[in-house]
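Here is the file data_34.cif (mmCIF, N, CA and C atoms).
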```cif
data_coords
loop_
_atom_site.label_atom_id
_atom_site.label_comp_id
_atom_site.auth_asym_id
_atom_site.auth_seq_id
_atom_site.Cartn_x
_atom_site.Cartn_y
_atom_site.Cartn_z
N MET A 221 32.95 -61.96 89.57
CA MET A 221 31.60 -62.38 89.89
C MET A 221 31.43 -63.85 89.52
N LYS A 222 30.91 -64.61 90.39
CA LYS A 222 30.68 -66.03 90.15
C LYS A 222 29.29 -66.25 89.59
N ARG A 223 29.14 -67.30 88.80
CA ARG A 223 27.83 -67.65 88.23
C ARG A 223 27.50 -69.07 88.67
N LYS A 224 26.37 -69.23 89.29
CA LYS A 224 25.94 -70.56 89.73
C LYS A 224 25.41 -71.30 88.50
N THR A 225 25.82 -72.55 88.37
CA THR A 225 25.41 -73.35 87.22
C THR A 225 25.25 -74.79 87.63
N SER A 226 24.73 -75.60 86.74
CA SER A 226 24.68 -77.04 87.01
C SER A 226 25.13 -77.76 85.75
N ILE A 227 25.76 -78.90 85.95
CA ILE A 227 26.21 -79.72 84.84
C ILE A 227 25.84 -81.16 85.13
N SER A 228 25.75 -81.96 84.09
CA SER A 228 25.48 -83.39 84.25
C SER A 228 26.79 -84.13 84.04
N VAL A 229 27.17 -84.91 85.04
CA VAL A 229 28.42 -85.66 85.01
C VAL A 229 28.12 -87.10 85.40
N ASP A 230 28.77 -88.02 84.74
CA ASP A 230 28.64 -89.42 85.09
C ASP A 230 28.91 -89.58 86.59
N SER A 231 28.08 -90.35 87.26
CA SER A 231 28.18 -90.45 88.72
C SER A 231 29.52 -91.02 89.18
N GLU A 232 30.09 -91.94 88.43
CA GLU A 232 31.40 -92.50 88.81
C GLU A 232 32.51 -91.46 88.65
N ILE A 233 32.44 -90.69 87.57
CA ILE A 233 33.44 -89.63 87.37
C ILE A 233 33.32 -88.59 88.49
N TRP A 234 32.09 -88.24 88.87
CA TRP A 234 31.89 -87.26 89.94
C TRP A 234 32.42 -87.80 91.27
N ARG A 235 32.20 -89.08 91.53
CA ARG A 235 32.71 -89.69 92.75
C ARG A 235 34.24 -89.61 92.77
N GLN A 236 34.86 -89.90 91.63
CA GLN A 236 36.32 -89.81 91.55
C GLN A 236 36.80 -88.37 91.74
N TRP A 237 36.05 -87.42 91.18
CA TRP A 237 36.42 -86.00 91.33
C TRP A 237 36.36 -85.59 92.80
N LEU A 238 35.27 -85.97 93.48
CA LEU A 238 35.14 -85.65 94.90
C LEU A 238 36.26 -86.28 95.71
N SER A 239 36.60 -87.51 95.38
CA SER A 239 37.69 -88.20 96.06
C SER A 239 39.02 -87.47 95.83
N PHE A 240 39.21 -87.00 94.61
CA PHE A 240 40.41 -86.24 94.25
C PHE A 240 40.51 -84.96 95.09
N VAL A 241 39.40 -84.22 95.17
CA VAL A 241 39.39 -82.96 95.93
C VAL A 241 39.57 -83.23 97.43
N VAL A 242 38.89 -84.23 97.94
CA VAL A 242 39.05 -84.58 99.35
C VAL A 242 40.49 -84.98 99.63
N GLY A 243 41.11 -85.69 98.73
CA GLY A 243 42.51 -86.06 98.89
C GLY A 243 43.43 -84.86 98.97
N MET A 244 43.08 -83.78 98.25
CA MET A 244 43.91 -82.57 98.27
C MET A 244 43.65 -81.72 99.49
N TYR A 245 42.38 -81.58 99.90
CA TYR A 245 42.00 -80.62 100.94
C TYR A 245 41.43 -81.24 102.21
N GLY A 246 41.11 -82.51 102.18
CA GLY A 246 40.54 -83.15 103.35
C GLY A 246 39.04 -82.98 103.48
N SER A 247 38.42 -82.24 102.55
CA SER A 247 36.96 -82.08 102.54
C SER A 247 36.53 -81.71 101.12
N THR A 248 35.21 -81.61 100.94
CA THR A 248 34.68 -81.23 99.62
C THR A 248 34.43 -79.73 99.53
N ARG A 249 34.89 -78.98 100.50
CA ARG A 249 34.63 -77.54 100.56
C ARG A 249 35.11 -76.79 99.32
N LYS A 250 36.16 -77.24 98.67
CA LYS A 250 36.74 -76.52 97.54
C LYS A 250 36.42 -77.17 96.19
N VAL A 251 35.34 -77.95 96.13
CA VAL A 251 34.99 -78.63 94.89
C VAL A 251 34.76 -77.64 93.75
N SER A 252 33.97 -76.60 93.98
CA SER A 252 33.68 -75.63 92.92
C SER A 252 34.94 -74.92 92.45
N GLU A 253 35.78 -74.53 93.39
CA GLU A 253 37.03 -73.85 93.05
C GLU A 253 37.91 -74.74 92.17
N GLU A 254 37.97 -76.02 92.51
CA GLU A 254 38.80 -76.94 91.73
C GLU A 254 38.19 -77.24 90.36
N VAL A 255 36.87 -77.27 90.26
CA VAL A 255 36.22 -77.43 88.95
C VAL A 255 36.59 -76.24 88.06
N GLU A 256 36.50 -75.04 88.63
CA GLU A 256 36.85 -73.83 87.87
C GLU A 256 38.31 -73.88 87.41
N LYS A 257 39.21 -74.25 88.30
CA LYS A 257 40.62 -74.36 87.94
C LYS A 257 40.82 -75.38 86.81
N ALA A 258 40.12 -76.51 86.91
CA ALA A 258 40.25 -77.56 85.90
C ALA A 258 39.75 -77.07 84.54
N LEU A 259 38.65 -76.34 84.53
CA LEU A 259 38.12 -75.80 83.28
C LEU A 259 39.10 -74.83 82.63
N VAL A 260 39.64 -73.93 83.43
CA VAL A 260 40.60 -72.96 82.92
C VAL A 260 41.85 -73.67 82.39
N GLU A 261 42.34 -74.63 83.15
CA GLU A 261 43.52 -75.38 82.73
C GLU A 261 43.27 -76.10 81.41
N TYR A 262 42.10 -76.71 81.28
CA TYR A 262 41.74 -77.43 80.06
C TYR A 262 41.72 -76.49 78.87
N MET A 263 41.08 -75.34 79.05
CA MET A 263 41.00 -74.38 77.94
C MET A 263 42.37 -73.86 77.56
N ASN A 264 43.20 -73.58 78.54
CA ASN A 264 44.51 -73.01 78.27
C ASN A 264 45.47 -74.00 77.63
N LYS A 265 45.45 -75.24 78.05
CA LYS A 265 46.46 -76.19 77.59
C LYS A 265 45.98 -77.14 76.51
N GLU A 266 44.75 -77.59 76.57
CA GLU A 266 44.31 -78.65 75.67
C GLU A 266 43.56 -78.16 74.44
N ARG A 267 42.81 -77.12 74.58
CA ARG A 267 41.93 -76.72 73.49
C ARG A 267 42.30 -75.43 72.80
N MET A 268 42.98 -74.54 73.49
CA MET A 268 43.31 -73.27 72.89
C MET A 268 44.54 -73.43 72.02
N LEU A 269 44.36 -73.33 70.74
CA LEU A 269 45.46 -73.48 69.81
C LEU A 269 45.92 -72.13 69.32
N ASP A 270 47.19 -72.02 69.10
CA ASP A 270 47.75 -70.82 68.51
C ASP A 270 47.12 -70.64 67.13
N ALA A 271 46.85 -69.40 66.74
CA ALA A 271 46.19 -69.12 65.47
C ALA A 271 46.96 -69.71 64.29
N ASP A 272 48.28 -69.65 64.33
CA ASP A 272 49.08 -70.21 63.24
C ASP A 272 48.91 -71.72 63.13
N ILE A 273 48.88 -72.41 64.28
CA ILE A 273 48.69 -73.86 64.28
C ILE A 273 47.30 -74.21 63.77
N LEU A 274 46.30 -73.47 64.22
CA LEU A 274 44.92 -73.72 63.79
C LEU A 274 44.77 -73.52 62.29
N ARG A 275 45.35 -72.43 61.76
CA ARG A 275 45.29 -72.18 60.32
C ARG A 275 45.93 -73.34 59.54
N LYS A 276 47.07 -73.83 60.03
CA LYS A 276 47.77 -74.93 59.37
C LYS A 276 46.92 -76.20 59.39
N LEU A 277 46.32 -76.51 60.55
CA LEU A 277 45.48 -77.70 60.67
C LEU A 277 44.28 -77.64 59.74
N LEU A 278 43.71 -76.45 59.60
CA LEU A 278 42.51 -76.28 58.77
C LEU A 278 42.83 -75.97 57.32
N GLY A 279 44.10 -75.79 57.01
CA GLY A 279 44.50 -75.48 55.64
C GLY A 279 44.11 -74.08 55.20
N ILE A 280 44.10 -73.16 56.13
CA ILE A 280 43.71 -71.78 55.83
C ILE A 280 44.96 -70.92 55.71
N LYS A 281 45.04 -70.17 54.62
CA LYS A 281 46.17 -69.27 54.46
C LYS A 281 45.87 -67.97 55.19
N GLU A 282 46.90 -67.39 55.79
CA GLU A 282 46.70 -66.13 56.51
C GLU A 282 46.39 -65.02 55.52
N THR A 283 45.46 -64.20 55.86
CA THR A 283 45.06 -63.08 55.01
C THR A 283 45.45 -61.79 55.71
N SER A 284 46.02 -60.90 54.95
CA SER A 284 46.32 -59.59 55.53
C SER A 284 45.53 -58.54 54.76
N TYR A 285 45.11 -57.54 55.46
CA TYR A 285 44.32 -56.48 54.88
C TYR A 285 45.11 -55.18 54.96
N ASP A 286 45.16 -54.48 53.85
CA ASP A 286 45.84 -53.19 53.82
C ASP A 286 44.82 -52.10 54.06
N ILE A 287 44.55 -51.85 55.33
CA ILE A 287 43.62 -50.78 55.68
C ILE A 287 44.31 -49.82 56.62
N ASP A 288 43.90 -48.60 56.54
CA ASP A 288 44.46 -47.57 57.40
C ASP A 288 43.39 -47.17 58.41
N VAL A 289 43.65 -47.45 59.66
CA VAL A 289 42.71 -47.12 60.74
C VAL A 289 43.20 -45.83 61.39
N PRO A 290 42.38 -44.78 61.31
CA PRO A 290 42.79 -43.51 61.91
C PRO A 290 42.99 -43.64 63.42
N ASP A 291 43.97 -42.92 63.95
CA ASP A 291 44.26 -42.96 65.38
C ASP A 291 43.09 -42.50 66.23
N ASP A 292 42.29 -41.59 65.71
CA ASP A 292 41.19 -41.02 66.49
C ASP A 292 39.86 -41.72 66.23
N ILE A 293 39.88 -42.94 65.73
CA ILE A 293 38.64 -43.62 65.35
C ILE A 293 37.68 -43.81 66.53
N ILE A 294 38.20 -44.15 67.69
CA ILE A 294 37.33 -44.36 68.85
C ILE A 294 36.63 -43.06 69.22
N ASP A 295 37.37 -41.96 69.24
CA ASP A 295 36.76 -40.67 69.56
C ASP A 295 35.69 -40.31 68.54
N ARG A 296 35.95 -40.59 67.28
CA ARG A 296 34.98 -40.27 66.23
C ARG A 296 33.71 -41.10 66.36
N ILE A 297 33.87 -42.38 66.70
CA ILE A 297 32.70 -43.25 66.88
C ILE A 297 31.88 -42.78 68.08
N LEU A 298 32.54 -42.48 69.19
CA LEU A 298 31.83 -42.02 70.38
C LEU A 298 31.11 -40.70 70.12
N GLU A 299 31.74 -39.80 69.41
CA GLU A 299 31.10 -38.52 69.07
C GLU A 299 29.88 -38.75 68.20
N SER A 300 29.98 -39.64 67.24
CA SER A 300 28.85 -39.96 66.37
C SER A 300 27.69 -40.53 67.19
N ARG A 301 27.98 -41.38 68.14
CA ARG A 301 26.94 -41.95 68.99
C ARG A 301 26.29 -40.88 69.86
N ARG A 302 27.11 -39.98 70.40
CA ARG A 302 26.56 -38.90 71.22
C ARG A 302 25.59 -38.04 70.41
N LYS A 303 25.99 -37.74 69.17
CA LYS A 303 25.12 -36.91 68.32
C LYS A 303 23.79 -37.59 68.06
N ARG A 304 23.80 -38.91 67.83
CA ARG A 304 22.56 -39.64 67.58
C ARG A 304 21.65 -39.63 68.80
N VAL A 305 22.23 -39.72 70.00
CA VAL A 305 21.44 -39.73 71.23
C VAL A 305 20.80 -38.36 71.44
N ILE A 306 21.55 -37.32 71.16
CA ILE A 306 21.05 -35.96 71.35
C ILE A 306 19.93 -35.65 70.36
N GLU A 307 20.07 -36.11 69.15
CA GLU A 307 19.06 -35.83 68.12
C GLU A 307 17.86 -36.65 68.39
#
```

For the structure just supplied, provide its representation as structure tokens.
Amino acid sequence: MKRKTSISVDSEIWRQWLSFVVGMYGSTRKVSEEVEKALVEYMNKERMLDADILRKLLGIKETSYDIDVPDDIIDRILESRRKRVIE
């Protein structure tokens, strides 16, 4: 599902973006699609850091928790919710 949105972009940067898209496709018809691709690419390559790298950068030591999660926990939670709805 797509979500219509608006953003504020410097007019010169937007002109360059349109020129870039027109250079690829010959028209501005795929501007939105290319904006979406650029956002995904940016998040995947430039900003999304591996948890280990992020911990190292922030000086955070990894914490482990010794907890035992029952295999049937989801079923138990759903059953508890059903009982509350019925009551």

Legend entry - Computed interatomic separation between CA of Leu277 in chain A and CA of Lys265 in chain A (Å): 17.0 Å

Legend entry - Residue IDs satisfying the PyMOL selection byres (((chain A and resi 251-254 and name CA) around 12) and name CA), as an NGL selection string: :A and (222-227 or 234-250 or 255-261)

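Between CA of Asp288 in chain A and CA of Arg275 in chain A the separation is 24.8 Å.
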
How would you write, as a PDB file with N, CA and C atoms, in the coordinates of the input, the set of residues in chain A that DSSP gives as alpha helix (DSSP H)?
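Output file selection31.pdb follows:
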```
ATOM      1  N   SER A 231      28.080 -90.350  87.260  1.00  0.00           N
ATOM      2  CA  SER A 231      28.180 -90.450  88.720  1.00  0.00           C
ATOM      3  C   SER A 231      29.520 -91.020  89.180  1.00  0.00           C
ATOM      4  N   GLU A 232      30.090 -91.940  88.430  1.00  0.00           N
ATOM      5  CA  GLU A 232      31.400 -92.500  88.810  1.00  0.00           C
ATOM      6  C   GLU A 232      32.510 -91.460  88.650  1.00  0.00           C
ATOM      7  N   ILE A 233      32.440 -90.690  87.570  1.00  0.00           N
ATOM      8  CA  ILE A 233      33.440 -89.630  87.370  1.00  0.00           C
ATOM      9  C   ILE A 233      33.320 -88.590  88.490  1.00  0.00           C
ATOM     10  N   TRP A 234      32.090 -88.240  88.870  1.00  0.00           N
ATOM     11  CA  TRP A 234      31.890 -87.260  89.940  1.00  0.00           C
ATOM     12  C   TRP A 234      32.420 -87.800  91.270  1.00  0.00           C
ATOM     13  N   ARG A 235      32.200 -89.080  91.530  1.00  0.00           N
ATOM     14  CA  ARG A 235      32.710 -89.690  92.750  1.00  0.00           C
ATOM     15  C   ARG A 235      34.240 -89.610  92.770  1.00  0.00           C
ATOM     16  N   GLN A 236      34.860 -89.900  91.630  1.00  0.00           N
ATOM     17  CA  GLN A 236      36.320 -89.810  91.550  1.00  0.00           C
ATOM     18  C   GLN A 236      36.800 -88.370  91.740  1.00  0.00           C
ATOM     19  N   TRP A 237      36.050 -87.420  91.180  1.00  0.00           N
ATOM     20  CA  TRP A 237      36.420 -86.000  91.330  1.00  0.00           C
ATOM     21  C   TRP A 237      36.360 -85.590  92.800  1.00  0.00           C
ATOM     22  N   LEU A 238      35.270 -85.970  93.480  1.00  0.00           N
ATOM     23  CA  LEU A 238      35.140 -85.650  94.900  1.00  0.00           C
ATOM     24  C   LEU A 238      36.260 -86.280  95.710  1.00  0.00           C
ATOM     25  N   SER A 239      36.600 -87.510  95.380  1.00  0.00           N
ATOM     26  CA  SER A 239      37.690 -88.200  96.060  1.00  0.00           C
ATOM     27  C   SER A 239      39.020 -87.470  95.830  1.00  0.00           C
ATOM     28  N   PHE A 240      39.210 -87.000  94.610  1.00  0.00           N
ATOM     29  CA  PHE A 240      40.410 -86.240  94.250  1.00  0.00           C
ATOM     30  C   PHE A 240      40.510 -84.960  95.090  1.00  0.00           C
ATOM     31  N   VAL A 241      39.400 -84.220  95.170  1.00  0.00           N
ATOM     32  CA  VAL A 241      39.390 -82.960  95.930  1.00  0.00           C
ATOM     33  C   VAL A 241      39.570 -83.230  97.430  1.00  0.00           C
ATOM     34  N   VAL A 242      38.890 -84.230  97.940  1.00  0.00           N
ATOM     35  CA  VAL A 242      39.050 -84.580  99.350  1.00  0.00           C
ATOM     36  C   VAL A 242      40.490 -84.980  99.630  1.00  0.00           C
ATOM     37  N   GLY A 243      41.110 -85.690  98.730  1.00  0.00           N
ATOM     38  CA  GLY A 243      42.510 -86.060  98.890  1.00  0.00           C
ATOM     39  C   GLY A 243      43.430 -84.860  98.970  1.00  0.00           C
ATOM     40  N   MET A 244      43.080 -83.780  98.250  1.00  0.00           N
ATOM     41  CA  MET A 244      43.910 -82.570  98.270  1.00  0.00           C
ATOM     42  C   MET A 244      43.650 -81.720  99.490  1.00  0.00           C
ATOM     43  N   TYR A 245      42.380 -81.580  99.900  1.00  0.00           N
ATOM     44  CA  TYR A 245      42.000 -80.620 100.940  1.00  0.00           C
ATOM     45  C   TYR A 245      41.430 -81.240 102.210  1.00  0.00           C
ATOM     46  N   VAL A 251      35.340 -77.950  96.130  1.00  0.00           N
ATOM     47  CA  VAL A 251      34.990 -78.630  94.890  1.00  0.00           C
ATOM     48  C   VAL A 251      34.760 -77.640  93.750  1.00  0.00           C
ATOM     49  N   SER A 252      33.970 -76.600  93.980  1.00  0.00           N
ATOM     50  CA  SER A 252      33.680 -75.630  92.920  1.00  0.00           C
ATOM     51  C   SER A 252      34.940 -74.920  92.450  1.00  0.00           C
ATOM     52  N   GLU A 253      35.780 -74.530  93.390  1.00  0.00           N
ATOM     53  CA  GLU A 253      37.030 -73.850  93.050  1.00  0.00           C
ATOM     54  C   GLU A 253      37.910 -74.740  92.170  1.00  0.00           C
ATOM     55  N   GLU A 254      37.970 -76.020  92.510  1.00  0.00           N
ATOM     56  CA  GLU A 254      38.800 -76.940  91.730  1.00  0.00           C
ATOM     57  C   GLU A 254      38.190 -77.240  90.360  1.00  0.00           C
ATOM     58  N   VAL A 255      36.870 -77.270  90.260  1.00  0.00           N
ATOM     59  CA  VAL A 255      36.220 -77.430  88.950  1.00  0.00           C
ATOM     60  C   VAL A 255      36.590 -76.240  88.060  1.00  0.00           C
ATOM     61  N   GLU A 256      36.500 -75.040  88.630  1.00  0.00           N
ATOM     62  CA  GLU A 256      36.850 -73.830  87.870  1.00  0.00           C
ATOM     63  C   GLU A 256      38.310 -73.880  87.410  1.00  0.00           C
ATOM     64  N   LYS A 257      39.210 -74.250  88.300  1.00  0.00           N
ATOM     65  CA  LYS A 257      40.620 -74.360  87.940  1.00  0.00           C
ATOM     66  C   LYS A 257      40.820 -75.380  86.810  1.00  0.00           C
ATOM     67  N   ALA A 258      40.120 -76.510  86.910  1.00  0.00           N
ATOM     68  CA  ALA A 258      40.250 -77.560  85.900  1.00  0.00           C
ATOM     69  C   ALA A 258      39.750 -77.070  84.540  1.00  0.00           C
ATOM     70  N   LEU A 259      38.650 -76.340  84.530  1.00  0.00           N
ATOM     71  CA  LEU A 259      38.120 -75.800  83.280  1.00  0.00           C
ATOM     72  C   LEU A 259      39.100 -74.830  82.630  1.00  0.00           C
ATOM     73  N   VAL A 260      39.640 -73.930  83.430  1.00  0.00           N
ATOM     74  CA  VAL A 260      40.600 -72.960  82.920  1.00  0.00           C
ATOM     75  C   VAL A 260      41.850 -73.670  82.390  1.00  0.00           C
ATOM     76  N   GLU A 261      42.340 -74.630  83.150  1.00  0.00           N
ATOM     77  CA  GLU A 261      43.520 -75.380  82.730  1.00  0.00           C
ATOM     78  C   GLU A 261      43.270 -76.100  81.410  1.00  0.00           C
ATOM     79  N   TYR A 262      42.100 -76.710  81.280  1.00  0.00           N
ATOM     80  CA  TYR A 262      41.740 -77.430  80.060  1.00  0.00           C
ATOM     81  C   TYR A 262      41.720 -76.490  78.870  1.00  0.00           C
ATOM     82  N   ALA A 271      46.850 -69.400  66.740  1.00  0.00           N
ATOM     83  CA  ALA A 271      46.190 -69.120  65.470  1.00  0.00           C
ATOM     84  C   ALA A 271      46.960 -69.710  64.290  1.00  0.00           C
ATOM     85  N   ASP A 272      48.280 -69.650  64.330  1.00  0.00           N
ATOM     86  CA  ASP A 272      49.080 -70.210  63.240  1.00  0.00           C
ATOM     87  C   ASP A 272      48.910 -71.720  63.130  1.00  0.00           C
ATOM     88  N   ILE A 273      48.880 -72.410  64.280  1.00  0.00           N
ATOM     89  CA  ILE A 273      48.690 -73.860  64.280  1.00  0.00           C
ATOM     90  C   ILE A 273      47.300 -74.210  63.770  1.00  0.00           C
ATOM     91  N   LEU A 274      46.300 -73.470  64.220  1.00  0.00           N
ATOM     92  CA  LEU A 274      44.920 -73.720  63.790  1.00  0.00           C
ATOM     93  C   LEU A 274      44.770 -73.520  62.290  1.00  0.00           C
ATOM     94  N   ARG A 275      45.350 -72.430  61.760  1.00  0.00           N
ATOM     95  CA  ARG A 275      45.290 -72.180  60.320  1.00  0.00           C
ATOM     96  C   ARG A 275      45.930 -73.340  59.540  1.00  0.00           C
ATOM     97  N   LYS A 276      47.070 -73.830  60.030  1.00  0.00           N
ATOM     98  CA  LYS A 276      47.770 -74.930  59.370  1.00  0.00           C
ATOM     99  C   LYS A 276      46.920 -76.200  59.390  1.00  0.00           C
ATOM    100  N   LEU A 277      46.320 -76.510  60.550  1.00  0.00           N
ATOM    101  CA  LEU A 277      45.480 -77.700  60.670  1.00  0.00           C
ATOM    102  C   LEU A 277      44.280 -77.640  59.740  1.00  0.00           C
ATOM    103  N   LEU A 278      43.710 -76.450  59.600  1.00  0.00           N
ATOM    104  CA  LEU A 278      42.510 -76.280  58.770  1.00  0.00           C
ATOM    105  C   LEU A 278      42.830 -75.970  57.320  1.00  0.00           C
ATOM    106  N   ILE A 293      39.880 -42.940  65.730  1.00  0.00           N
ATOM    107  CA  ILE A 293      38.640 -43.620  65.350  1.00  0.00           C
ATOM    108  C   ILE A 293      37.680 -43.810  66.530  1.00  0.00           C
ATOM    109  N   ILE A 294      38.200 -44.150  67.690  1.00  0.00           N
ATOM    110  CA  ILE A 294      37.330 -44.360  68.850  1.00  0.00           C
ATOM    111  C   ILE A 294      36.630 -43.060  69.220  1.00  0.00           C
ATOM    112  N   ASP A 295      37.370 -41.960  69.240  1.00  0.00           N
ATOM    113  CA  ASP A 295      36.760 -40.670  69.560  1.00  0.00           C
ATOM    114  C   ASP A 295      35.690 -40.310  68.540  1.00  0.00           C
ATOM    115  N   ARG A 296      35.950 -40.590  67.280  1.00  0.00           N
ATOM    116  CA  ARG A 296      34.980 -40.270  66.230  1.00  0.00           C
ATOM    117  C   ARG A 296      33.710 -41.100  66.360  1.00  0.00           C
ATOM    118  N   ILE A 297      33.870 -42.380  66.700  1.00  0.00           N
ATOM    119  CA  ILE A 297      32.700 -43.250  66.880  1.00  0.00           C
ATOM    120  C   ILE A 297      31.880 -42.780  68.080  1.00  0.00           C
ATOM    121  N   LEU A 298      32.540 -42.480  69.190  1.00  0.00           N
ATOM    122  CA  LEU A 298      31.830 -42.020  70.380  1.00  0.00           C
ATOM    123  C   LEU A 298      31.110 -40.700  70.120  1.00  0.00           C
ATOM    124  N   GLU A 299      31.740 -39.800  69.410  1.00  0.00           N
ATOM    125  CA  GLU A 299      31.100 -38.520  69.070  1.00  0.00           C
ATOM    126  C   GLU A 299      29.880 -38.750  68.200  1.00  0.00           C
ATOM    127  N   SER A 300      29.980 -39.640  67.240  1.00  0.00           N
ATOM    128  CA  SER A 300      28.850 -39.960  66.370  1.00  0.00           C
ATOM    129  C   SER A 300      27.690 -40.530  67.190  1.00  0.00           C
ATOM    130  N   ARG A 301      27.980 -41.380  68.140  1.00  0.00           N
ATOM    131  CA  ARG A 301      26.940 -41.950  68.990  1.00  0.00           C
ATOM    132  C   ARG A 301      26.290 -40.880  69.860  1.00  0.00           C
ATOM    133  N   ARG A 302      27.110 -39.980  70.400  1.00  0.00           N
ATOM    134  CA  ARG A 302      26.560 -38.900  71.220  1.00  0.00           C
ATOM    135  C   ARG A 302      25.590 -38.040  70.410  1.00  0.00           C
ATOM    136  N   LYS A 303      25.990 -37.740  69.170  1.00  0.00           N
ATOM    137  CA  LYS A 303      25.120 -36.910  68.320  1.00  0.00           C
ATOM    138  C   LYS A 303      23.790 -37.590  68.060  1.00  0.00           C
ATOM    139  N   ARG A 304      23.800 -38.910  67.830  1.00  0.00           N
ATOM    140  CA  ARG A 304      22.560 -39.640  67.580  1.00  0.00           C
ATOM    141  C   ARG A 304      21.650 -39.630  68.800  1.00  0.00           C
ATOM    142  N   VAL A 305      22.230 -39.720  70.000  1.00  0.00           N
ATOM    143  CA  VAL A 305      21.440 -39.730  71.230  1.00  0.00           C
ATOM    144  C   VAL A 305      20.800 -38.360  71.440  1.00  0.00           C
ATOM    145  N   ILE A 306      21.550 -37.320  71.160  1.00  0.00           N
ATOM    146  CA  ILE A 306      21.050 -35.960  71.350  1.00  0.00           C
ATOM    147  C   ILE A 306      19.930 -35.650  70.360  1.00  0.00           C
TER     148      ILE A 306
END
```

Return the padded bounding box of range 289-293 of chain A as JSON: axis-aligned, built from all atoms listed in the file, 4 Å added on each side, with centre and edge lengths in Å to one decimal.
```
{"center_x": 41.0, "center_y": -44.2, "center_z": 63.1, "size_x": 14.6, "size_y": 14.4, "size_z": 14.9}
```

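Pairwise distance (atom N of Ile306 in chain A, CA of Ile294 in chain A) equals 17.4 Å.
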